[in-house]
Amino acid sequence: MSKPGLVELNAMVAVSTHRSFRRAAVELGMSPSALSHAIATLEQRLGVKLFHRTTRSVSLSEAGEQFLARVQPALRDISAAMDAVSEFRDAPAGTLRLNTSEGAAEMVLTPIILQFLKRYPDMRVDIVTDRSLVDIVAGGFDAGIRLAESVPQDMIAVAITPPLRFAVVAAPAYFANRTKPRVPADLLAYDCIRVRFPSGAIYKWEFHKRGVEHAVDVSGALTLDSHHLMLEAALQGAGIAWSNEFAAAAHIASGKLVRVLEDWTPQYPGLRLYYPANRHMPAGLRAFIDLVREVVAPAGK
């Protein structure tokens with residue numbers, strides 16, 4: 001029996017991670033047919049079925065689970081060895097895989113990600129956006145980007161944005177025949193666009209002023225889990241929305257949205273780039289961290 005190569009093994013890991021041939025093919029830069037052929041070749045060489053496949057799902061077989069448990073650590077060691085060797089290059093090369101939320105990705109795309117790619121043309125950045133907090137090690141990511149309060153305690157964290165603020169906003173027309181809320185409790189008398197977490201829980205809007213904290217379980221006909229949709233609904237006059245200041249800034253500046261309760265929304269720690277403390281750091285990640293510190297330090301002054 002000929003031994004499988006790295007292409008087939010990496011293909012198996014990608015498919016098992018994504019539970020999808022299409023998404024795994026995108027990650028690996030392969031066509032779905034080439035990926036399917038690689039998996040079929042691996043199964044033929046091993047003489048066992050590694051995946052259960054239907055038109056709707058892909059899952060590991062028992063043999064696949066046992067094989068993956070033995071192979072994945074070895075592949076990580078090989079990847080670390082290749083990263084270590086790449087440090088002898090004049091400039092880092094390879095792929096930097098990041099996990100974050102869509103909103104966070106928007107904040108760092110232009111000032112950091114695109115600048116990183118210009119500075120290091122041999123690097124690639126693969127960003128996966130997910131509202132849920134995932135295990136970046138198990139997911140095969142080099143690092144994650146989340147709010148400071150969401151970073152796991154066993155990770156090393158680096159500030160990737162200055163402190164941030166939230167904004168409570170609505171269309172001017174919404175307040176045409178209404179007085180604006182003056183304190184958080186006033187929101188109970190308004191139509192608010194409620195925020196749903198990935199867990200399904202509804203977010204209670206949090207406020208803080210001069211040592212007084214207040215959480216409001218707002219009500220409204222519309223509940224959404226996308227900040228883009230919340231802002232669009234607010235722009236259309238559906239009610240008052242809770243948004244991060246970055247996403248709402250352009251609409252506020254243009255007058256399409258008006259801000260209320262601003263004195264109740266102080267700054268809070270911003271986004272953090274985080275990564276495992278006990279793993280070899282790839283040259284690309286080290287260069288990315290250096291750029292983050294270079295960009296964020298002046299902004300925080």
# chains A, B, ... in the order shown; residues from 1 in each chain; ligands from 1

call {"tool": "select_by_dssp", "arguments": {"residues": "range 62-184 of chain A", "states": "alpha helix (DSSP H)", "output": "ChimeraX atom specification"}}
result
/A:62-86,102-108,114-119

call {"tool": "residues_around", "arguments": {"residues": "Arg23 in chain A", "least_positions_apart": "6", "cutoff": "9 Å", "atoms": "only C-alpha atoms", "output": "compact mmCIF listing (two decimals) with N, CA and C atoms, in the first residue's frame"}}
result
# COMPACT_ATOMS: atom_id res chain seq x y z
N ALA A 14 -9.34 19.32 6.31
CA ALA A 14 -10.20 20.43 5.91
C ALA A 14 -11.66 19.99 5.82
N VAL A 15 -11.91 18.82 5.23
CA VAL A 15 -13.28 18.34 5.10
C VAL A 15 -13.87 18.03 6.47
N PRO A 32 -13.73 21.53 -6.15
CA PRO A 32 -14.41 20.47 -5.42
C PRO A 32 -14.13 19.08 -5.99

call {"tool": "residues_around", "arguments": {"residues": "range 158-175 of chain A", "least_positions_apart": "2", "cutoff": "8 Å", "atoms": "only C-alpha atoms", "output": "PyMOL selection string"}}
result
chain A and resi 108+156+177-180+234-245+248+255-262+265-274+289+292-293+296+299-300

call {"tool": "closest_residue", "arguments": {"among": "A:Leu114, A:Trp264, A:Ala25, A:Pro276", "to": "Gly211 in chain A", "atoms": "only C-alpha atoms"}}
result
A:Trp264

call {"tool": "residues_around", "arguments": {"residues": "range 219-228 of chain A", "least_positions_apart": "3", "cutoff": "7 Å", "atoms": "only C-alpha atoms", "output": "PyMOL selection string"}}
result
chain A and resi 188+191-197+231-232+243

call {"tool": "write_last_selection", "arguments": {"atoms": "C-alpha atoms", "output": "PDB file, in the first residue's frame"}}
result
ATOM      1  CA  LEU A 188     -39.264  50.765  27.282  1.00  0.00           C
ATOM      2  CA  ASP A 191     -39.982  50.331  19.404  1.00  0.00           C
ATOM      3  CA  CYS A 192     -36.485  48.888  19.676  1.00  0.00           C
ATOM      4  CA  ILE A 193     -34.747  46.468  17.338  1.00  0.00           C
ATOM      5  CA  ARG A 194     -33.756  43.615  19.594  1.00  0.00           C
ATOM      6  CA  VAL A 195     -30.384  41.852  19.376  1.00  0.00           C
ATOM      7  CA  ARG A 196     -30.148  38.063  19.347  1.00  0.00           C
ATOM      8  CA  PHE A 197     -26.909  36.287  20.313  1.00  0.00           C
ATOM      9  CA  LEU A 231     -28.845  49.499  10.944  1.00  0.00           C
ATOM     10  CA  GLU A 232     -30.825  49.030   7.726  1.00  0.00           C
ATOM     11  CA  SER A 243     -24.930  49.321  17.118  1.00  0.00           C
TER      12      SER A 243
END

call {"tool": "residues_around", "arguments": {"residues": "Glu206 in chain A", "least_positions_apart": "3", "cutoff": "9 Å", "atoms": "only C-alpha atoms", "output": "PyMOL selection string"}}
result
chain A and resi 184+203+213-216+264-265

call {"tool": "write_last_selection", "arguments": {"atoms": "N, CA, C and O atoms", "output": "compact mmCIF listing (two decimals), in the first residue's frame"}}
result
# COMPACT_ATOMS: atom_id res chain seq x y z
N PRO A 184 -31.89 55.53 29.99
CA PRO A 184 -32.13 54.19 29.43
C PRO A 184 -33.52 53.63 29.67
O PRO A 184 -34.09 52.99 28.77
N TYR A 203 -30.13 40.03 23.87
CA TYR A 203 -29.23 40.93 24.58
C TYR A 203 -29.99 42.04 25.29
O TYR A 203 -30.87 42.69 24.70
N GLU A 213 -24.81 51.60 36.55
CA GLU A 213 -24.98 50.68 35.43
C GLU A 213 -26.46 50.34 35.28
O GLU A 213 -27.18 50.21 36.27
N HIS A 214 -26.88 50.22 34.04
CA HIS A 214 -28.28 49.97 33.78
C HIS A 214 -28.41 49.05 32.58
O HIS A 214 -27.80 49.29 31.53
N ALA A 215 -29.18 47.96 32.71
CA ALA A 215 -29.44 47.04 31.61
C ALA A 215 -30.93 47.06 31.31
O ALA A 215 -31.75 46.89 32.22
N VAL A 216 -31.27 47.24 30.04
CA VAL A 216 -32.68 47.37 29.65
C VAL A 216 -33.05 46.23 28.72
O VAL A 216 -32.43 46.03 27.66
N TRP A 264 -24.72 57.95 28.00
CA TRP A 264 -24.85 56.68 28.72
C TRP A 264 -24.05 55.55 28.07
O TRP A 264 -24.14 54.40 28.48
N THR A 265 -23.29 55.89 27.02
CA THR A 265 -22.52 54.85 26.32
C THR A 265 -21.04 55.22 26.34
O THR A 265 -20.50 55.70 25.34

call {"tool": "atom_distance", "arguments": {"atom1": "CA of Gln72 in chain A", "atom2": "CA of Leu50 in chain A"}}
result
14.1 Å

call {"tool": "residues_around", "arguments": {"residues": "range 36-45 of chain A", "least_positions_apart": "3", "cutoff": "12 Å", "atoms": "only C-alpha atoms", "output": "JSON, numbers by chain"}}
result
{"A": [1, 2, 3, 4, 5, 6, 7, 8, 9, 10, 11, 12, 13, 14, 15, 16, 20, 21, 22, 24, 25, 28, 30, 31, 32, 33, 48, 49, 50, 51, 52, 53, 58, 60, 61, 63, 64, 67]}
